[in-house]
file run-v7.cif (mmCIF, C-alpha atoms)
data_my_file
#
loop_
_atom_site.group_PDB
_atom_site.id
_atom_site.type_symbol
_atom_site.label_atom_id
_atom_site.label_comp_id
_atom_site.auth_asym_id
_atom_site.auth_seq_id
_atom_site.Cartn_x
_atom_site.Cartn_y
_atom_site.Cartn_z
ATOM 1 C CA MET A 1 14.670 -111.427 -67.459
ATOM 2 C CA HIS A 2 13.324 -113.960 -64.985
ATOM 3 C CA SER A 3 15.529 -113.196 -61.973
ATOM 4 C CA ALA A 4 12.565 -112.082 -59.844
ATOM 5 C CA LEU A 5 10.974 -115.511 -60.116
ATOM 6 C CA ASN A 6 14.204 -117.438 -59.819
ATOM 7 C CA ALA A 7 15.279 -115.633 -56.632
ATOM 8 C CA PRO A 8 15.060 -117.749 -53.468
ATOM 9 C CA LEU A 9 11.931 -117.140 -51.411
ATOM 10 C CA LYS A 10 12.446 -116.142 -47.800
ATOM 11 C CA GLY A 11 9.960 -115.856 -44.960
ATOM 12 C CA SER A 12 7.161 -118.081 -43.721
ATOM 13 C CA PRO A 13 6.710 -121.567 -45.306
ATOM 14 C CA LEU A 14 4.487 -121.757 -48.375
ATOM 15 C CA ASP A 15 1.130 -123.494 -48.073
ATOM 16 C CA ALA A 16 -0.636 -125.469 -50.812
ATOM 17 C CA LYS A 17 -2.226 -122.338 -52.298
ATOM 18 C CA ASP A 18 1.130 -120.568 -52.420
ATOM 19 C CA ARG A 19 2.819 -123.545 -54.067
ATOM 20 C CA ASP A 20 0.047 -123.737 -56.657
ATOM 21 C CA PHE A 21 0.472 -120.045 -57.414
ATOM 22 C CA LEU A 22 4.241 -120.420 -57.658
ATOM 23 C CA ALA A 23 3.803 -123.372 -60.022
ATOM 24 C CA THR A 24 1.501 -121.268 -62.208
ATOM 25 C CA LEU A 25 4.074 -118.479 -62.297
ATOM 26 C CA GLU A 26 6.713 -120.912 -63.496
ATOM 27 C CA THR A 27 4.388 -122.550 -66.040
ATOM 28 C CA ARG A 28 3.319 -119.236 -67.541
ATOM 29 C CA ARG A 29 6.890 -117.954 -67.524
ATOM 30 C CA LYS A 30 8.023 -120.990 -69.485
ATOM 31 C CA GLY A 31 5.062 -120.628 -71.836
ATOM 32 C CA ILE A 32 5.904 -116.992 -72.538
ATOM 33 C CA HIS A 33 9.575 -117.801 -73.003
ATOM 34 C CA SER A 34 8.759 -120.633 -75.399
ATOM 35 C CA ALA A 35 6.357 -118.438 -77.403
ATOM 36 C CA LEU A 36 8.899 -115.664 -77.757
ATOM 37 C CA CYS A 37 11.546 -118.146 -78.846
ATOM 38 C CA ASN A 38 9.104 -119.489 -81.464
ATOM 39 C CA ASN A 39 9.540 -116.679 -83.969
ATOM 40 C CA PHE A 40 8.343 -114.184 -81.340
ATOM 41 C CA ASP A 41 4.781 -115.548 -81.139
ATOM 42 C CA THR A 42 3.313 -112.473 -79.454
ATOM 43 C CA ALA A 43 -0.294 -113.689 -79.441
ATOM 44 C CA THR A 44 0.534 -116.864 -77.508
ATOM 45 C CA ALA A 45 2.847 -114.983 -75.163
ATOM 46 C CA MET A 46 0.135 -112.418 -74.412
ATOM 47 C CA ASN A 47 -2.377 -115.191 -73.746
ATOM 48 C CA HIS A 48 0.010 -116.609 -71.153
ATOM 49 C CA LEU A 49 0.494 -113.149 -69.659
ATOM 50 C CA PHE A 50 -3.269 -112.562 -69.388
ATOM 51 C CA ALA A 51 -3.673 -115.984 -67.795
ATOM 52 C CA LEU A 52 -0.973 -115.096 -65.280
ATOM 53 C CA ILE A 53 -2.698 -111.823 -64.409
ATOM 54 C CA ARG A 54 -6.018 -113.640 -63.957
ATOM 55 C CA LYS A 55 -4.277 -116.120 -61.667
ATOM 56 C CA CYS A 56 -2.875 -113.215 -59.664
ATOM 57 C CA ASN A 57 -6.372 -111.781 -59.223
ATOM 58 C CA GLU A 58 -7.615 -115.195 -58.109
ATOM 59 C CA TYR A 59 -4.694 -115.550 -55.705
ATOM 60 C CA LEU A 60 -5.487 -112.139 -54.229
ATOM 61 C CA SER A 61 -9.038 -113.185 -53.340
ATOM 62 C CA SER A 62 -7.719 -114.806 -50.165
ATOM 63 C CA THR A 63 -4.711 -114.420 -47.877
ATOM 64 C CA SER A 64 -1.654 -114.347 -50.102
ATOM 65 C CA SER A 65 2.115 -114.006 -49.979
ATOM 66 C CA THR A 66 3.200 -110.448 -50.745
ATOM 67 C CA LEU A 67 6.614 -111.793 -51.757
ATOM 68 C CA LEU A 68 5.075 -114.009 -54.437
ATOM 69 C CA LEU A 69 2.876 -111.154 -55.617
ATOM 70 C CA ARG A 70 5.877 -108.880 -55.842
ATOM 71 C CA SER A 71 7.729 -111.492 -57.887
ATOM 72 C CA ALA A 72 4.759 -111.766 -60.235
ATOM 73 C CA LEU A 73 4.435 -107.999 -60.505
ATOM 74 C CA TYR A 74 8.117 -107.555 -61.334
ATOM 75 C CA TYR A 75 7.895 -110.252 -63.976
ATOM 76 C CA ILE A 76 4.747 -108.822 -65.572
ATOM 77 C CA GLN A 77 6.361 -105.382 -65.695
ATOM 78 C CA LYS A 78 9.432 -106.810 -67.385
ATOM 79 C CA MET A 79 7.320 -108.589 -69.980
ATOM 80 C CA LEU A 80 5.376 -105.404 -70.690
ATOM 81 C CA LYS A 81 8.717 -103.783 -71.460
ATOM 82 C CA VAL A 82 9.538 -106.668 -73.801
ATOM 83 C CA PHE A 83 6.292 -105.994 -75.657
ATOM 84 C CA GLY A 84 7.273 -102.326 -75.919
ATOM 85 C CA ILE A 85 4.592 -100.971 -73.648
ATOM 86 C CA GLU A 86 7.112 -98.699 -71.904
ATOM 87 C CA GLU A 87 8.960 -97.624 -75.009
ATOM 88 C CA LYS A 88 6.249 -96.032 -77.114
ATOM 89 C CA GLN A 89 2.945 -94.306 -76.603
ATOM 90 C CA VAL A 90 -0.141 -96.493 -76.480
ATOM 91 C CA SER A 91 -2.471 -95.795 -79.384
ATOM 92 C CA SER A 92 -6.198 -95.253 -79.015
ATOM 93 C CA SER A 93 -6.839 -98.600 -80.680
ATOM 94 C CA SER A 94 -9.318 -100.837 -78.894
ATOM 95 C CA ASP A 95 -6.671 -103.567 -79.116
ATOM 96 C CA ASN A 96 -4.983 -102.008 -76.096
ATOM 97 C CA ALA A 97 -8.105 -101.820 -73.939
ATOM 98 C CA PRO A 98 -8.130 -105.456 -72.710
ATOM 99 C CA LEU A 99 -4.476 -105.243 -71.725
ATOM 100 C CA LEU A 100 -4.904 -101.951 -69.869
ATOM 101 C CA ASP A 101 -8.142 -103.077 -68.211
ATOM 102 C CA THR A 102 -6.545 -106.285 -67.001
ATOM 103 C CA TRP A 103 -3.340 -104.588 -65.935
ATOM 104 C CA CYS A 104 -5.185 -101.886 -63.971
ATOM 105 C CA SER A 105 -7.395 -104.511 -62.346
ATOM 106 C CA PHE A 106 -4.332 -106.475 -61.308
ATOM 107 C CA ARG A 107 -2.595 -103.359 -59.986
ATOM 108 C CA THR A 108 -5.709 -102.374 -58.015
ATOM 109 C CA GLU A 109 -5.888 -105.742 -56.276
ATOM 110 C CA VAL A 110 -2.159 -105.708 -55.531
ATOM 111 C CA ARG A 111 -2.513 -102.201 -54.102
ATOM 112 C CA LYS A 112 -5.425 -103.248 -51.872
ATOM 113 C CA GLU A 113 -3.438 -106.148 -50.479
ATOM 114 C CA ALA A 114 -0.397 -103.921 -49.953
ATOM 115 C CA ILE A 115 -2.514 -101.428 -48.006
ATOM 116 C CA LYS A 116 -4.016 -104.241 -45.950
ATOM 117 C CA SER A 117 -0.609 -105.726 -45.141
ATOM 118 C CA LYS A 118 1.048 -102.276 -44.851
ATOM 119 C CA ASN A 119 3.659 -103.266 -47.427
ATOM 120 C CA THR A 120 5.145 -99.899 -48.409
ATOM 121 C CA ASN A 121 7.526 -101.427 -50.955
ATOM 122 C CA ILE A 122 4.689 -102.771 -53.095
ATOM 123 C CA LEU A 123 2.653 -99.586 -52.588
ATOM 124 C CA ASN A 124 5.589 -97.526 -53.843
ATOM 125 C CA LEU A 125 5.928 -99.836 -56.827
ATOM 126 C CA CYS A 126 2.224 -99.415 -57.633
ATOM 127 C CA ASP A 127 2.637 -95.639 -57.418
ATOM 128 C CA LYS A 128 5.685 -95.778 -59.682
ATOM 129 C CA VAL A 129 3.717 -97.648 -62.344
ATOM 130 C CA ARG A 130 0.921 -95.067 -62.108
ATOM 131 C CA ASP A 131 3.036 -91.907 -61.914
ATOM 132 C CA GLU A 132 6.152 -92.759 -63.942
ATOM 133 C CA ASP A 133 5.866 -95.799 -66.200
ATOM 134 C CA LEU A 134 2.368 -95.557 -67.689
ATOM 135 C CA PRO A 135 2.396 -91.755 -68.239
ATOM 136 C CA LYS A 136 5.450 -92.159 -70.482
ATOM 137 C CA ILE A 137 3.344 -94.191 -72.898
ATOM 138 C CA GLY A 138 0.338 -91.886 -72.704
ATOM 139 C CA VAL A 139 -1.716 -93.704 -70.070
ATOM 140 C CA ARG A 140 -3.099 -91.929 -67.026
ATOM 141 C CA VAL A 141 -4.381 -94.031 -64.131
ATOM 142 C CA GLU A 142 -6.598 -92.521 -61.432
ATOM 143 C CA ASP A 143 -7.057 -94.146 -58.017
ATOM 144 C CA ASP A 144 -10.032 -92.002 -56.992
ATOM 145 C CA GLY A 145 -12.348 -94.657 -55.603
ATOM 146 C CA LYS A 146 -12.450 -96.970 -58.611
ATOM 147 C CA THR A 147 -9.265 -97.239 -60.653
ATOM 148 C CA ALA A 148 -9.691 -96.090 -64.244
ATOM 149 C CA TRP A 149 -7.334 -95.306 -67.120
ATOM 150 C CA LYS A 150 -7.358 -92.732 -69.897
ATOM 151 C CA LEU A 151 -5.181 -92.226 -72.949
ATOM 152 C CA GLY A 152 -3.589 -88.873 -73.668
ATOM 153 C CA ASN A 153 -0.483 -86.916 -74.506
ATOM 154 C CA PRO A 154 2.433 -88.157 -72.357
ATOM 155 C CA GLU A 155 3.776 -84.650 -71.692
ATOM 156 C CA GLU A 156 0.356 -83.378 -70.624
ATOM 157 C CA ILE A 157 -0.229 -86.400 -68.390
ATOM 158 C CA ILE A 158 3.166 -86.034 -66.723
ATOM 159 C CA ALA A 159 2.597 -82.289 -66.229
ATOM 160 C CA ALA A 160 -0.823 -82.950 -64.665
ATOM 161 C CA ILE A 161 0.652 -85.546 -62.303
ATOM 162 C CA GLU A 162 3.430 -83.164 -61.250
ATOM 163 C CA GLU A 163 0.867 -80.435 -60.581
ATOM 164 C CA LYS A 164 -1.208 -82.843 -58.514
ATOM 165 C CA LYS A 165 1.886 -83.769 -56.508
ATOM 166 C CA ARG A 166 2.710 -80.085 -55.993
ATOM 167 C CA VAL A 167 -0.773 -79.375 -54.641
ATOM 168 C CA ALA A 168 -0.545 -82.440 -52.397
ATOM 169 C CA ARG A 169 2.810 -81.247 -51.034
ATOM 170 C CA GLU A 170 1.368 -77.806 -50.301
ATOM 171 C CA GLN A 171 -1.598 -79.332 -48.503
ATOM 172 C CA ALA A 172 0.681 -81.610 -46.487
ATOM 173 C CA LEU A 173 2.856 -78.623 -45.572
ATOM 174 C CA LYS A 174 -0.149 -76.586 -44.430
ATOM 175 C CA LYS A 175 -1.365 -79.538 -42.388
ATOM 176 C CA LYS A 176 1.954 -79.810 -40.558
ATOM 177 C CA GLN A 177 2.109 -76.053 -40.018
ATOM 178 C CA SER A 178 -1.403 -76.136 -38.585
ATOM 179 C CA LYS A 179 -0.457 -79.029 -36.314
ATOM 180 C CA ARG A 180 2.583 -77.083 -35.128
ATOM 181 C CA ALA A 181 0.474 -73.995 -34.394
ATOM 182 C CA ASP A 182 -1.973 -76.109 -32.387
ATOM 183 C CA LEU A 183 0.873 -77.630 -30.366
ATOM 184 C CA VAL A 184 2.419 -74.228 -29.642
ATOM 185 C CA LYS A 185 -0.963 -72.928 -28.492
ATOM 186 C CA LYS A 186 -1.425 -76.009 -26.319
ATOM 187 C CA ILE A 187 1.996 -75.556 -24.714
ATOM 188 C CA THR A 188 1.334 -71.864 -24.068
ATOM 189 C CA ASN A 189 -2.017 -72.664 -22.464
ATOM 190 C CA TYR A 190 -0.586 -75.326 -20.172
ATOM 191 C CA LYS A 191 2.198 -73.002 -19.061
ATOM 192 C CA ASN A 192 -0.363 -70.326 -18.251
ATOM 193 C CA TRP A 193 -2.589 -72.829 -16.483
ATOM 194 C CA ALA A 194 0.311 -73.866 -14.258
ATOM 195 C CA ALA A 195 -0.026 -70.579 -12.359
ATOM 196 C CA ASN A 196 -1.752 -70.647 -8.969
ATOM 197 C CA PRO A 197 -5.342 -69.376 -9.432
ATOM 198 C CA ASN A 198 -5.064 -67.583 -6.091
ATOM 199 C CA ASP A 199 -2.398 -65.337 -7.647
ATOM 200 C CA LEU A 200 -4.749 -64.249 -10.425
ATOM 201 C CA PHE A 201 -5.729 -61.026 -8.659
ATOM 202 C CA LYS A 202 -2.527 -60.347 -6.734
ATOM 203 C CA GLU A 203 -2.246 -56.865 -8.260
ATOM 204 C CA TYR A 204 -5.640 -55.883 -6.865
ATOM 205 C CA PRO A 205 -6.113 -54.605 -3.322
ATOM 206 C CA LYS A 206 -6.645 -57.652 -1.139
ATOM 207 C CA PRO A 207 -10.328 -58.101 -0.226
ATOM 208 C CA GLU A 208 -11.351 -58.497 3.409
ATOM 209 C CA ASN A 209 -12.993 -61.857 2.667
ATOM 210 C CA GLY A 210 -12.393 -64.421 -0.085
ATOM 211 C CA ILE A 211 -10.341 -64.149 -3.272
ATOM 212 C CA ILE A 212 -12.473 -62.057 -5.626
ATOM 213 C CA PRO A 213 -11.438 -58.371 -5.505
ATOM 214 C CA THR A 214 -13.960 -55.814 -4.319
ATOM 215 C CA ILE A 215 -11.756 -52.803 -5.022
ATOM 216 C CA GLY A 216 -10.463 -52.136 -8.533
ATOM 217 C CA LEU A 217 -6.959 -51.159 -9.625
ATOM 218 C CA ASP A 218 -8.150 -47.570 -9.732
ATOM 219 C CA GLY A 219 -9.075 -47.731 -6.056
ATOM 220 C CA LYS A 220 -12.806 -47.595 -6.714
ATOM 221 C CA PRO A 221 -15.319 -50.265 -5.618
ATOM 222 C CA ILE A 222 -15.952 -52.971 -8.205
ATOM 223 C CA GLY A 223 -19.548 -53.130 -9.417
ATOM 224 C CA LYS A 224 -21.717 -56.245 -9.337
ATOM 225 C CA LYS A 225 -21.389 -56.989 -13.062
ATOM 226 C CA GLN A 226 -17.613 -56.608 -13.042
ATOM 227 C CA GLY A 227 -17.405 -58.703 -9.888
ATOM 228 C CA GLN A 228 -19.294 -61.518 -11.628
ATOM 229 C CA LYS A 229 -16.824 -61.396 -14.527
ATOM 230 C CA LEU A 230 -13.879 -61.661 -12.133
ATOM 231 C CA GLU A 231 -15.516 -64.572 -10.331
ATOM 232 C CA LYS A 232 -16.064 -66.395 -13.636
ATOM 233 C CA LEU A 233 -12.441 -65.737 -14.570
ATOM 234 C CA TYR A 234 -11.310 -67.214 -11.256
ATOM 235 C CA LYS A 235 -13.413 -70.374 -11.689
ATOM 236 C CA THR A 236 -11.989 -70.856 -15.189
ATOM 237 C CA ALA A 237 -8.464 -70.477 -13.810
ATOM 238 C CA ILE A 238 -9.174 -73.164 -11.193
ATOM 239 C CA LYS A 239 -10.553 -75.534 -13.833
ATOM 240 C CA ASN A 240 -7.579 -75.002 -16.154
ATOM 241 C CA ASN A 241 -5.118 -75.424 -13.297
ATOM 242 C CA GLU A 242 -6.724 -78.769 -12.479
ATOM 243 C CA LEU A 243 -6.313 -79.828 -16.117
ATOM 244 C CA TYR A 244 -2.637 -78.916 -15.953
ATOM 245 C CA LYS A 245 -2.136 -80.844 -12.712
ATOM 246 C CA ALA A 246 -3.912 -83.875 -14.173
ATOM 247 C CA GLU A 247 -1.547 -83.940 -17.165
ATOM 248 C CA LEU A 248 1.416 -83.421 -14.866
ATOM 249 C CA ALA A 249 0.310 -86.345 -12.706
ATOM 250 C CA LYS A 250 0.146 -88.619 -15.753
ATOM 251 C CA ASP A 251 3.542 -87.537 -17.086
ATOM 252 C CA SER A 252 5.837 -85.063 -15.369
ATOM 253 C CA GLU A 253 7.671 -84.516 -18.685
ATOM 254 C CA PHE A 254 4.584 -83.913 -20.822
ATOM 255 C CA LEU A 255 5.463 -80.293 -21.623
ATOM 256 C CA THR A 256 8.989 -81.246 -22.645
ATOM 257 C CA LYS A 257 7.601 -83.948 -24.907
ATOM 258 C CA LEU A 258 5.181 -81.518 -26.516
ATOM 259 C CA GLU A 259 8.057 -79.124 -27.175
ATOM 260 C CA GLU A 260 10.051 -81.988 -28.723
ATOM 261 C CA GLN A 261 7.130 -82.622 -31.066
ATOM 262 C CA VAL A 262 7.278 -78.976 -32.119
ATOM 263 C CA HIS A 263 11.015 -79.260 -32.823
ATOM 264 C CA GLN A 264 10.421 -82.408 -34.893
ATOM 265 C CA LEU A 265 7.687 -80.670 -36.872
ATOM 266 C CA ASP A 266 10.053 -77.747 -37.478
ATOM 267 C CA LYS A 267 12.533 -80.154 -39.069
ATOM 268 C CA GLU A 268 9.866 -81.830 -41.192
ATOM 269 C CA ILE A 269 8.456 -78.493 -42.328
ATOM 270 C CA GLU A 270 11.913 -77.268 -43.289
ATOM 271 C CA GLU A 271 12.557 -80.451 -45.289
ATOM 272 C CA MET A 272 9.238 -80.077 -47.104
ATOM 273 C CA LYS A 273 10.088 -76.495 -48.063
ATOM 274 C CA ASN A 274 13.403 -77.507 -49.626
#

call {"tool": "encode", "arguments": {"input": "run-v7.cif", "output": "structure tokens"}}
result
Amino acid sequence: MHSALNAPLKGSPLDAKDRDFLATLETRRKGIHSALCNNFDTATAMNHLFALIRKCNEYLSSTSSTLLLRSALYYIQKMLKVFGIEEKQVSSSSDNAPLLDTWCSFRTEVRKEAIKSKNTNILNLCDKVRDEDLPKIGVRVEDDGKTAWKLGNPEEIIAAIEEKKRVAREQALKKKQSKRADLVKKITNYKNWAANPNDLFKEYPKPENGIIPTIGLDGKPIGKKQGQKLEKLYKTAIKNNELYKAELAKDSEFLTKLEEQVHQLDKEIEEMKN
């Protein structure tokens, strides 16, 4: 039951604050163990558990060890199982409100610290509690801005969470598909811009002076308005060609790398569809 706390701690040395927190973990663990051995004194055990959660919140107010927090979180989860919180649906009794309020507050602070430290393991654990453990007992937790919980039918909560995940997957898929389309368009543009602007009108009869055609493909003189359009087209081609050359100067393999990104997105999109 207490393996998470008894496991050896690895990583950077613990400072005074960490040692104090670790000592509190051990004290509360022993208190809970003693209470449960004393004819299963639930009230005393829960008091120790609440005190431990409050200590966790206090510990989170400053720089803290994610390893110690993870140990505490594992232990608290295990004790909640001991008290049956993952084996039966929570009733609407107000007796459960303090526990759920405190638990959600603790989870919120742990999640904030995990985001700050980019600890994906703890973030995944927080998500598991929200999406798998609590729904089974009829508790739905929302992380929209301020974390809040609601009681409900477990099957309905689980179905709602699955639907939310489905919508999120669809949105993520569309986002990747849009990114792929943008990359393909970008690659196509750069390949077109690589062409010499002076070759833009090579199919037209060559003018006596300059680059802009004066005679159309039909052999008739080009009017002033049409000539202005061709001149604008030529200037745009020069500008785009300069953009291409600038990218090429920075990285001669930039087009290949963009194409590799497209191939990687193709793989990710295919995985998301399966």

call {"tool": "resolve_selection", "arguments": {"input": "run-v7.cif", "expression": "the PyMOL selection byres ((chain A and resi 46) around 10)", "output": "list in words"}}
result
Gly31, Ile32, Ala35, Leu36, Asp41, Thr42, Ala43, Thr44, Ala45, Asn47, His48, Leu49, Phe50, Ala51, Leu52, Met79, Leu80, Phe83 and Leu99 of chain A

call {"tool": "atom_distance", "arguments": {"input": "run-v7.cif", "atom1": "CA of Pro197 (chain A)", "atom2": "CA of Leu243 (chain A)"}}
result
12.4 Å

call {"tool": "resolve_selection", "arguments": {"input": "run-v7.cif", "expression": "the PyMOL selection byres ((chain A and resi 267-274) around 9)", "output": "short mmCIF file (atom, residue, chain, number, x, y, z; two decimals) with C-alpha atoms, in the frame of the given file"}}
result
data_model
loop_
_atom_site.label_atom_id
_atom_site.label_comp_id
_atom_site.auth_asym_id
_atom_site.auth_seq_id
_atom_site.Cartn_x
_atom_site.Cartn_y
_atom_site.Cartn_z
CA ARG A 169 2.81 -81.25 -51.03
CA GLU A 170 1.37 -77.81 -50.30
CA ALA A 172 0.68 -81.61 -46.49
CA LEU A 173 2.86 -78.62 -45.57
CA LYS A 176 1.95 -79.81 -40.56
CA GLN A 177 2.11 -76.05 -40.02
CA VAL A 262 7.28 -78.98 -32.12
CA HIS A 263 11.02 -79.26 -32.82
CA GLN A 264 10.42 -82.41 -34.89
CA LEU A 265 7.69 -80.67 -36.87
CA ASP A 266 10.05 -77.75 -37.48
#

call {"tool": "residues_around", "arguments": {"input": "run-v7.cif", "residues": "region 125-131 of chain A", "least_positions_apart": "4", "cutoff": "8 Å", "atoms": "only C-alpha atoms", "output": "compact mmCIF listing (two decimals) with C-alpha atoms, in the frame of the given file"}}
result
# COMPACT_ATOMS: atom_id res chain seq x y z
CA ARG A 107 -2.60 -103.36 -59.99
CA VAL A 110 -2.16 -105.71 -55.53
CA ARG A 111 -2.51 -102.20 -54.10
CA ASN A 121 7.53 -101.43 -50.96
CA PRO A 135 2.40 -91.76 -68.24
CA ARG A 140 -3.10 -91.93 -67.03
CA VAL A 141 -4.38 -94.03 -64.13
CA GLU A 142 -6.60 -92.52 -61.43
CA ILE A 158 3.17 -86.03 -66.72
CA ILE A 161 0.65 -85.55 -62.30

call {"tool": "axis_aligned_box", "arguments": {"input": "run-v7.cif", "around": "region 265-270 of chain A", "padding_each_side": "3 Å", "output": "AutoDock Vina command-line options"}}
result
--center_x 10.1 --center_y -79.5 --center_z -40.1 --size_x 10.8 --size_y 10.6 --size_z 12.4

call {"tool": "resolve_selection", "arguments": {"input": "run-v7.cif", "expression": "the PyMOL selection byres ((chain A and resi 210-222) around 12)", "output": "PyMOL selection string"}}
result
chain A and resi 197-209+223-235

call {"tool": "closest_residue", "arguments": {"input": "run-v7.cif", "among": "A:Ser117, A:Tyr75, A:Glu132, A:Asp143", "to": "Glu162 (chain A)", "atoms": "all atoms listed in the file"}}
result
A:Glu132

call {"tool": "atom_distance", "arguments": {"input": "run-v7.cif", "atom1": "CA of Leu151 (chain A)", "atom2": "CA of Arg166 (chain A)"}}
result
22.3 Å

call {"tool": "atom_distance", "arguments": {"input": "run-v7.cif", "atom1": "CA of Asn240 (chain A)", "atom2": "CA of Thr188 (chain A)"}}
result
12.3 Å

call {"tool": "closest_residue", "arguments": {"input": "run-v7.cif", "among": "A:Ala246, A:Val167, A:Ala160, A:Cys56", "to": "Asp20 (chain A)", "atoms": "all atoms listed in the file"}}
result
A:Cys56

call {"tool": "closest_residue", "arguments": {"input": "run-v7.cif", "among": "A:Ala168, A:Ile157, A:Leu25, A:Ala194", "to": "Asp133 (chain A)", "atoms": "all atoms listed in the file"}}
result
A:Ile157

call {"tool": "residues_around", "arguments": {"input": "run-v7.cif", "residues": "Leu255 (chain A)", "least_positions_apart": "2", "cutoff": "12 Å", "atoms": "only C-alpha atoms", "output": "MDAnalysis selection string"}}
result
chainID A and resid 183:191 194 244:245 247:253 257:262

call {"tool": "closest_residue", "arguments": {"input": "run-v7.cif", "among": "A:Ala237, A:Ala148, A:Val82, A:Arg70", "to": "Trp193 (chain A)", "atoms": "only C-alpha atoms"}}
result
A:Ala237

call {"tool": "closest_residue", "arguments": {"input": "run-v7.cif", "among": "A:Ile122, A:Ala181, A:Ile76, A:Leu134", "to": "Arg28 (chain A)", "atoms": "only C-alpha atoms"}}
result
A:Ile76
